[in-house]
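One file, work11.tsv, is given below (TSV, C-alpha atoms).
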chain	number	residue	atom	x	y	z
A	1	MET	CA	126.48	111.97	120.66
A	2	ASN	CA	130.07	111.00	119.72
A	3	ARG	CA	132.39	108.54	121.42
A	4	PHE	CA	133.92	111.21	123.64
A	5	GLU	CA	130.53	112.18	124.98
A	6	ASP	CA	129.63	108.53	125.49
A	7	GLU	CA	132.77	108.09	127.54
A	8	LEU	CA	131.91	111.21	129.52
A	9	LYS	CA	128.45	109.84	130.18
A	10	GLU	CA	129.96	106.59	131.42
A	11	ALA	CA	132.43	108.48	133.58
A	12	LEU	CA	129.64	110.52	135.17
A	13	LYS	CA	127.26	107.64	135.79
A	14	ARG	CA	125.24	107.85	138.96
A	15	ARG	CA	126.89	106.36	142.02
A	16	GLU	CA	125.28	104.90	145.08
A	17	PRO	CA	125.89	106.76	148.34
A	18	PRO	CA	127.73	104.97	151.15
A	19	PRO	CA	125.64	102.26	152.86
A	20	GLY	CA	123.28	103.52	155.58
A	21	PHE	CA	122.85	106.94	153.92
A	22	ALA	CA	119.05	107.00	154.33
A	23	GLU	CA	119.33	105.95	157.98
A	24	ARG	CA	121.80	108.74	158.65
A	25	VAL	CA	119.47	111.27	157.00
A	26	MET	CA	116.59	110.04	159.17
A	27	ALA	CA	118.80	110.27	162.25
A	28	ARG	CA	119.68	113.86	161.40
A	29	LEU	CA	115.98	114.70	161.22
A	30	GLU	CA	115.62	113.76	164.89
A	31	THR	CA	118.16	116.34	165.95
A	32	ALA	CA	117.28	118.98	163.35
A	33	PRO	CA	115.34	121.99	164.66
A	34	ARG	CA	111.61	121.89	163.98
A	35	PRO	CA	110.13	124.61	161.76
A	36	GLY	CA	109.01	127.52	163.94
A	37	PRO	CA	105.58	129.22	163.92
A	38	TRP	CA	106.75	131.87	161.47
A	39	ARG	CA	107.81	129.24	158.97
A	40	ARG	CA	104.46	127.47	159.37
A	41	LEU	CA	102.69	130.79	158.89
A	42	ALA	CA	104.84	131.47	155.83
A	43	ALA	CA	103.67	128.15	154.41
A	44	TRP	CA	100.24	129.74	153.95
A	45	PHE	CA	101.75	132.23	151.55
A	46	ARG	CA	103.48	129.68	149.33
A	47	PRO	CA	102.59	129.90	145.67
A	48	PRO	CA	99.58	127.50	145.37
A	49	VAL	CA	97.82	128.91	148.43
A	50	LEU	CA	98.72	132.41	147.40
A	51	ARG	CA	97.48	131.74	143.86
A	52	PHE	CA	94.16	130.54	145.24
A	53	ALA	CA	93.86	133.56	147.53
A	54	VAL	CA	94.64	135.97	144.70
A	55	PHE	CA	92.17	134.20	142.44
A	56	ALA	CA	89.47	134.36	145.15
A	57	CYS	CA	90.14	138.08	145.71
A	58	ILE	CA	89.95	138.84	142.00
A	59	ALA	CA	86.71	136.84	141.65
A	60	LEU	CA	85.22	138.66	144.65
A	61	LEU	CA	86.24	142.06	143.29
A	62	LEU	CA	84.81	141.23	139.87
A	63	PHE	CA	81.53	140.08	141.40
A	64	ALA	CA	81.29	143.20	143.56
A	65	GLY	CA	82.17	145.38	140.58
A	66	VAL	CA	79.50	143.83	138.35
A	67	ARG	CA	76.89	144.18	141.11
A	68	TYR	CA	77.81	147.81	141.70
A	69	GLU	CA	77.76	148.53	137.98
A	70	SER	CA	74.35	146.92	137.39
A	71	ARG	CA	72.87	148.73	140.40
A	72	GLY	CA	74.28	152.00	139.13
A	73	ARG	CA	72.75	151.41	135.71
A	74	GLU	CA	69.37	150.61	137.26
A	75	ARG	CA	69.51	153.81	139.31
A	76	LEU	CA	70.41	155.85	136.24
A	77	ARG	CA	67.50	154.31	134.30
A	78	ALA	CA	65.10	155.11	137.16
A	79	GLU	CA	66.38	158.69	137.34
A	80	ALA	CA	65.98	159.11	133.58
A	81	ALA	CA	62.39	157.76	133.76
A	82	ARG	CA	61.58	160.11	136.65
A	83	ASP	CA	63.00	163.09	134.74
A	84	GLN	CA	60.94	162.16	131.66
A	85	ALA	CA	57.78	161.86	133.75
A	86	MET	CA	58.47	165.23	135.38
A	87	LEU	CA	59.05	166.82	131.96
A	88	ALA	CA	55.81	165.34	130.62
A	89	LEU	CA	53.89	166.64	133.63
A	90	ARG	CA	55.45	170.08	133.23
A	91	ILE	CA	54.52	170.23	129.51
A	92	THR	CA	50.96	169.12	130.29
A	93	PHE	CA	50.69	171.69	133.03
A	94	ASP	CA	51.96	174.45	130.71
A	95	LYS	CA	49.47	173.48	128.01
A	96	LEU	CA	46.60	173.43	130.46
A	97	GLU	CA	47.68	176.76	131.80
A	98	ALA	CA	47.75	178.24	128.28
A	99	VAL	CA	44.28	176.89	127.55
A	100	ARG	CA	42.93	178.32	130.79
A	101	GLU	CA	44.49	181.70	129.96
A	102	LYS	CA	42.86	181.74	126.50
A	103	LEU	CA	39.51	180.85	127.97
A	104	TYR	CA	39.68	183.72	130.41
A	105	GLN	CA	40.70	186.17	127.72
A	106	ALA	CA	37.82	185.10	125.43
A	107	ALA	CA	35.09	185.47	128.03
A	108	PRO	CA	36.35	186.76	131.28
A	109	ALA	CA	32.83	187.27	132.78
A	110	ALA	CA	31.21	184.22	131.39
A	111	PRO	CA	31.05	181.27	133.63
A	112	LEU	CA	33.28	178.52	132.67
A	113	ARG	CA	31.34	176.02	130.67
A	114	VAL	CA	32.75	172.73	129.82
A	115	VAL	CA	31.92	171.69	126.30
A	116	LEU	CA	32.17	168.06	125.88
A	117	PRO	CA	32.58	166.64	122.38
A	118	GLU	CA	29.44	165.17	120.93
A	119	PRO	CA	29.36	161.44	120.88
A	120	HIS	CA	29.69	159.79	117.50
A	121	ARG	CA	26.45	158.97	115.84
A	122	ALA	CA	25.79	156.45	113.21
A	123	GLU	CA	24.86	157.79	109.78
A	124	GLY	CA	21.10	158.24	109.25
A	125	GLU	CA	20.47	158.47	112.93
A	126	LYS	CA	18.21	161.45	113.84
A	127	LYS	CA	19.37	164.08	116.20
B	1	MET	CA	101.12	114.73	144.75
B	2	LYS	CA	99.96	117.91	146.45
B	3	SER	CA	102.93	118.19	148.77
B	4	ALA	CA	106.20	116.35	148.99
B	5	LEU	CA	105.12	115.08	152.35
B	6	THR	CA	101.96	114.40	154.30
B	7	PRO	CA	101.40	116.85	157.15
B	8	ALA	CA	102.66	114.98	160.21
B	9	GLY	CA	103.24	111.83	162.14
B	10	GLN	CA	104.65	108.37	161.49
B	11	ASP	CA	103.41	108.27	157.90
B	12	ARG	CA	105.33	111.44	157.13
B	13	ALA	CA	108.62	109.94	158.30
B	14	ALA	CA	108.00	106.70	156.39
B	15	GLU	CA	107.06	108.60	153.26
B	16	PHE	CA	110.11	110.80	153.60
B	17	GLU	CA	112.42	107.80	154.03
B	18	GLU	CA	110.95	106.32	150.87
B	19	ILE	CA	111.69	109.57	148.98
B	20	VAL	CA	115.27	109.55	150.30
B	21	ARG	CA	115.84	105.96	149.15
B	22	ARG	CA	114.30	106.66	145.75
B	23	HIS	CA	116.42	109.72	144.98
B	24	GLN	CA	119.58	109.29	147.06
B	25	SER	CA	121.78	108.16	144.19
B	26	MET	CA	120.76	111.13	142.03
B	27	VAL	CA	121.35	113.71	144.77
B	28	PHE	CA	124.54	112.06	146.03
B	29	SER	CA	125.98	111.71	142.51
B	30	ILE	CA	125.42	115.36	141.64
B	31	ALA	CA	127.25	116.35	144.83
B	32	TYR	CA	129.95	113.70	144.40
B	33	HIS	CA	130.78	114.53	140.79
B	34	TYR	CA	130.88	118.18	141.68
B	35	LEU	CA	132.88	117.94	144.92
B	36	GLN	CA	134.87	114.76	144.15
B	37	ASP	CA	134.85	113.94	147.84
B	38	ARG	CA	132.59	111.22	149.20
B	39	SER	CA	132.18	112.56	152.73
B	40	ALA	CA	131.58	116.13	151.56
B	41	ALA	CA	129.13	114.81	148.95
B	42	GLU	CA	127.27	112.83	151.59
B	43	GLU	CA	127.04	115.88	153.83
B	44	ALA	CA	125.72	118.01	150.96
B	45	ALA	CA	123.21	115.32	149.95
B	46	GLN	CA	122.00	115.00	153.54
B	47	ASP	CA	121.54	118.78	153.65
B	48	VAL	CA	119.37	118.58	150.53
B	49	PHE	CA	117.04	116.00	152.06
B	50	LEU	CA	116.98	117.85	155.37
B	51	GLN	CA	115.91	120.98	153.53
B	52	LEU	CA	113.18	119.00	151.80
B	53	PHE	CA	111.88	117.78	155.14
B	54	GLN	CA	112.03	121.13	156.92
B	55	ALA	CA	110.81	123.37	154.14
B	56	ALA	CA	108.21	120.82	152.96
B	57	PRO	CA	107.79	122.60	149.63
B	58	VAL	CA	104.50	122.15	147.86
B	59	LEU	CA	105.33	119.84	144.97
B	60	GLU	CA	102.72	118.95	142.41
B	61	SER	CA	104.22	115.80	140.92
B	62	GLU	CA	107.11	113.36	141.02
B	63	ALA	CA	108.76	115.32	138.19
B	64	HIS	CA	108.42	118.49	140.23
B	65	LEU	CA	110.05	116.75	143.21
B	66	VAL	CA	112.97	115.56	141.02
B	67	PHE	CA	113.37	119.08	139.63
B	68	TRP	CA	113.39	120.52	143.16
B	69	LEU	CA	115.96	117.97	144.37
B	70	ARG	CA	118.27	118.59	141.40
B	71	LYS	CA	118.06	122.33	141.85
B	72	VAL	CA	118.77	122.24	145.58
B	73	ALA	CA	121.52	119.63	145.08
B	74	CYS	CA	123.24	121.98	142.60
B	75	HIS	CA	123.04	124.94	144.94
B	76	ARG	CA	124.09	122.96	148.00
B	77	SER	CA	127.08	121.47	146.18
B	78	ILE	CA	128.24	124.89	145.02
B	79	ASP	CA	127.73	126.27	148.55
B	80	HIS	CA	129.71	123.40	150.04
B	81	ALA	CA	132.57	123.88	147.62
B	82	ARG	CA	132.73	127.59	148.33
B	83	ARG	CA	132.31	127.29	152.09
B	84	ARG	CA	134.90	124.61	152.65
B	85	LYS	CA	137.27	125.91	150.01
B	86	LEU	CA	137.21	122.39	148.73
B	87	TRP	CA	137.56	123.62	145.27
B	88	PRO	CA	140.91	125.17	144.65
B	89	ARG	CA	141.60	124.75	140.94
B	90	ILE	CA	143.55	121.55	140.56
B	91	GLY	CA	146.04	121.53	137.73
B	92	LEU	CA	146.41	118.48	135.56
B	93	ASP	CA	149.84	117.87	136.99
B	94	ARG	CA	148.41	117.57	140.50
B	95	ILE	CA	145.83	114.96	139.59
B	96	PRO	CA	147.27	111.53	140.28
B	97	GLU	CA	147.41	109.10	137.40
B	98	PRO	CA	144.85	106.32	137.80
B	99	ALA	CA	146.28	102.89	138.39
B	100	SER	CA	146.14	100.55	135.45
B	101	THR	CA	143.06	98.35	135.65
B	102	PRO	CA	142.03	95.14	133.92
B	103	GLY	CA	139.37	97.02	131.96
B	104	GLY	CA	142.07	98.62	129.82
B	105	GLU	CA	142.27	102.05	128.24
B	106	ASP	CA	138.51	102.80	128.25
B	107	VAL	CA	138.22	102.40	132.00
B	108	MET	CA	141.30	104.52	132.51
B	109	LEU	CA	139.91	107.18	130.21
B	110	ARG	CA	136.62	107.27	132.13
B	111	GLU	CA	138.44	107.53	135.38
B	112	ARG	CA	140.57	110.29	133.94
B	113	LEU	CA	137.55	112.12	132.57
B	114	ASN	CA	135.89	111.93	135.95
B	115	ARG	CA	138.90	113.59	137.49
B	116	LEU	CA	139.22	116.11	134.69
B	117	VAL	CA	135.65	117.28	135.27
B	118	ARG	CA	136.73	118.84	138.53
B	119	THR	CA	139.27	121.00	136.74
B	120	LEU	CA	136.39	122.83	135.04
B	121	PRO	CA	135.10	126.18	136.33
B	122	GLU	CA	132.24	125.72	138.80
B	123	LYS	CA	129.28	126.67	136.60
B	124	THR	CA	130.63	124.76	133.60
B	125	ARG	CA	131.26	121.73	135.79
B	126	MET	CA	127.69	121.66	137.05
B	127	ILE	CA	126.35	122.03	133.50
B	128	VAL	CA	128.49	119.07	132.35
B	129	ILE	CA	127.29	116.97	135.30
B	130	LEU	CA	123.63	117.76	134.67
B	131	ARG	CA	124.06	117.05	130.96
B	132	TYR	CA	125.98	113.77	131.15
B	133	GLN	CA	125.00	112.38	134.54
B	134	GLU	CA	121.35	113.33	134.47
B	135	GLY	CA	120.93	113.47	130.70
B	136	LEU	CA	119.09	116.80	130.84
B	137	GLU	CA	118.36	118.96	127.80
B	138	LEU	CA	119.83	122.45	127.64
B	139	GLU	CA	116.49	124.08	128.53
B	140	GLU	CA	116.11	121.84	131.56
B	141	ILE	CA	119.63	122.66	132.75
B	142	ALA	CA	118.86	126.35	132.31
B	143	LYS	CA	115.76	125.99	134.49
B	144	VAL	CA	117.55	124.02	137.20
B	145	MET	CA	120.43	126.48	137.37
B	146	GLY	CA	118.37	129.60	136.77
B	147	ILE	CA	120.49	130.85	133.86
B	148	PRO	CA	119.70	131.52	130.17
B	149	THR	CA	119.73	128.58	127.74
B	150	GLY	CA	122.27	130.39	125.57
B	151	THR	CA	124.69	130.56	128.49
B	152	VAL	CA	124.21	126.84	129.14
B	153	LYS	CA	124.97	126.07	125.50
B	154	SER	CA	128.10	128.19	125.32
B	155	GLN	CA	129.43	126.98	128.69
B	156	LEU	CA	128.80	123.37	127.72
B	157	GLN	CA	130.67	123.76	124.44
B	158	ARG	CA	133.53	125.45	126.25
B	159	GLY	CA	133.63	122.76	128.91
B	160	LEU	CA	133.60	119.95	126.35
B	161	ALA	CA	136.40	121.60	124.38
B	162	MET	CA	138.49	121.91	127.55
B	163	LEU	CA	137.86	118.31	128.53
B	164	ARG	CA	138.53	116.99	125.05
B	165	GLY	CA	141.81	118.90	124.80
B	166	LYS	CA	143.00	117.68	128.18
B	167	ALA	CA	141.89	114.11	127.50
B	168	GLU	CA	143.67	114.06	124.13
B	169	ARG	CA	146.87	115.31	125.70
B	170	TRP	CA	146.60	112.63	128.35
B	171	ILE	CA	145.93	109.88	125.77
B	172	GLY	CA	148.93	111.10	123.80
B	173	ARG	CA	151.11	110.87	126.89
B	174	VAL	CA	149.78	107.40	127.80
B	175	ARG	CA	150.39	106.03	124.28
B	176	ALA	CA	153.81	107.64	123.95
Spell out the structure here as structure tokens.
Amino acid sequence: MNRFEDELKEALKRREPPPGFAERVMARLETAPRPGPWRRLAAWFRPPVLRFAVFACIALLLFAGVRYESRGRERLRAEAARDQAMLALRITFDKLEAVREKLYQAAPAAPLRVVLPEPHRAEGEKK
Amino acid sequence: MKSALTPAGQDRAAEFEEIVRRHQSMVFSIAYHYLQDRSAAEEAAQDVFLQLFQAAPVLESEAHLVFWLRKVACHRSIDHARRRKLWPRIGLDRIPEPASTPGGEDVMLRERLNRLVRTLPEKTRMIVILRYQEGLELEEIAKVMGIPTGTVKSQLQRGLAMLRGKAERWIGRVRA
């Protein structure tokens, strides 16, 4: 800062207001109109309150979104498991049906005899 | 500091009065150097504090409060000047010569500079006041006035050049 700027700084030094300034401001407050209900209501929408409200809304939406998403995934998993079970049952049914068909074709008149597999026997054991 | 003021009652008035006393010279000086009229400056400064009381802005710190007061003081001063047509451009020839004082040439120069500031265009004048009265950086002035930093820089340089030229002419005349 050069000498000119120093002089300018000195020239623009702060000055005290006339005596009794604060008292006159306080006196003006007495006669000044009070803030109305709309202004008080508007105070709720000032930045910090608004910021908090927006933050709360975003947090709530995120929470709801995550819950919805996880429930959706669970439902999809359950549906996939049900479909797999149904497919397995259908395949089993088809196989059994094919076996039954073959059995009928081989001996249509013969009574159905269930042949159970022989139990395992230890070697050297007599029949 | 959550808010500039507590919600209501006696404490609120006492707290507000304390704020007024603490910052009155800053607010008054901004208005005075801008308007160059003590009664108009007092009216503008009172308006600033009244606005603080009525609007009760949510201020997070003392620095935030000072920033708010400076900003509103700037706007109020400009409004006052425009409204009352207090600010017709005053030519150098219409500014009275300061009386010779015991302090010598320096005091006269300061007095002259003070008067010359009001010959500056309104935006430039406020930038000079914020820079040399309040000692703000260019970025801070830009924030207070809501204009780009580049504009502040160029206006400040322009203002200083104008002031320097006028002051040099005056010094030349005084010494001649």
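Between CA of Leu120 in chain B and CA of Gln155 in chain B lies a distance of 10.3 Å.
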Mind dumping a table of every chain A residue within 6 Å of chain B, with the nearest atom pair and its distance in Å to one decimal, using only C-alpha atoms, sorted by chain and rising number, as JSON lines?
{"residue": "A:Lys9", "atom": "CA", "partner": "B:Tyr132", "partner_atom": "CA", "distance": 4.7}
{"residue": "A:Ala11", "atom": "CA", "partner": "B:Arg110", "partner_atom": "CA", "distance": 4.6}
{"residue": "A:Leu12", "atom": "CA", "partner": "B:Gln133", "partner_atom": "CA", "distance": 5.0}
{"residue": "A:Lys13", "atom": "CA", "partner": "B:Gln133", "partner_atom": "CA", "distance": 5.4}
{"residue": "A:Arg14", "atom": "CA", "partner": "B:Ser29", "partner_atom": "CA", "distance": 5.3}
{"residue": "A:Arg15", "atom": "CA", "partner": "B:Ser29", "partner_atom": "CA", "distance": 5.4}
{"residue": "A:Glu16", "atom": "CA", "partner": "B:Ser25", "partner_atom": "CA", "distance": 4.9}
{"residue": "A:Pro17", "atom": "CA", "partner": "B:Phe28", "partner_atom": "CA", "distance": 5.9}
{"residue": "A:Val25", "atom": "CA", "partner": "B:Gln46", "partner_atom": "CA", "distance": 5.7}
* Just give me the gap between CA of Ala63 in chain B and CA of Ala56 in chain A in Å, one decimal is fine. => 28.0 Å
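Nearest to Gly165 in chain B of all the residues A:Ala27, A:Arg71, A:Phe4, A:Pro37 is A:Phe4, based on all atoms listed in the file.
Minimum atom-to-atom distance to Ala142 in chain B, evaluated using only C-alpha atoms, belongs to B:Ile127 out of B:Ile127, B:Ser154, B:Ala31, B:Arg83.
Closest approach to Ile78 in chain B among B:Leu136, B:Ala40, B:Val152, B:Leu35: B:Leu35, based on only C-alpha atoms.
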* **Point-to-point distance from CA of Leu69 in chain B to CA of His23 in chain B, Å rounded to tenths** => 8.3 Å
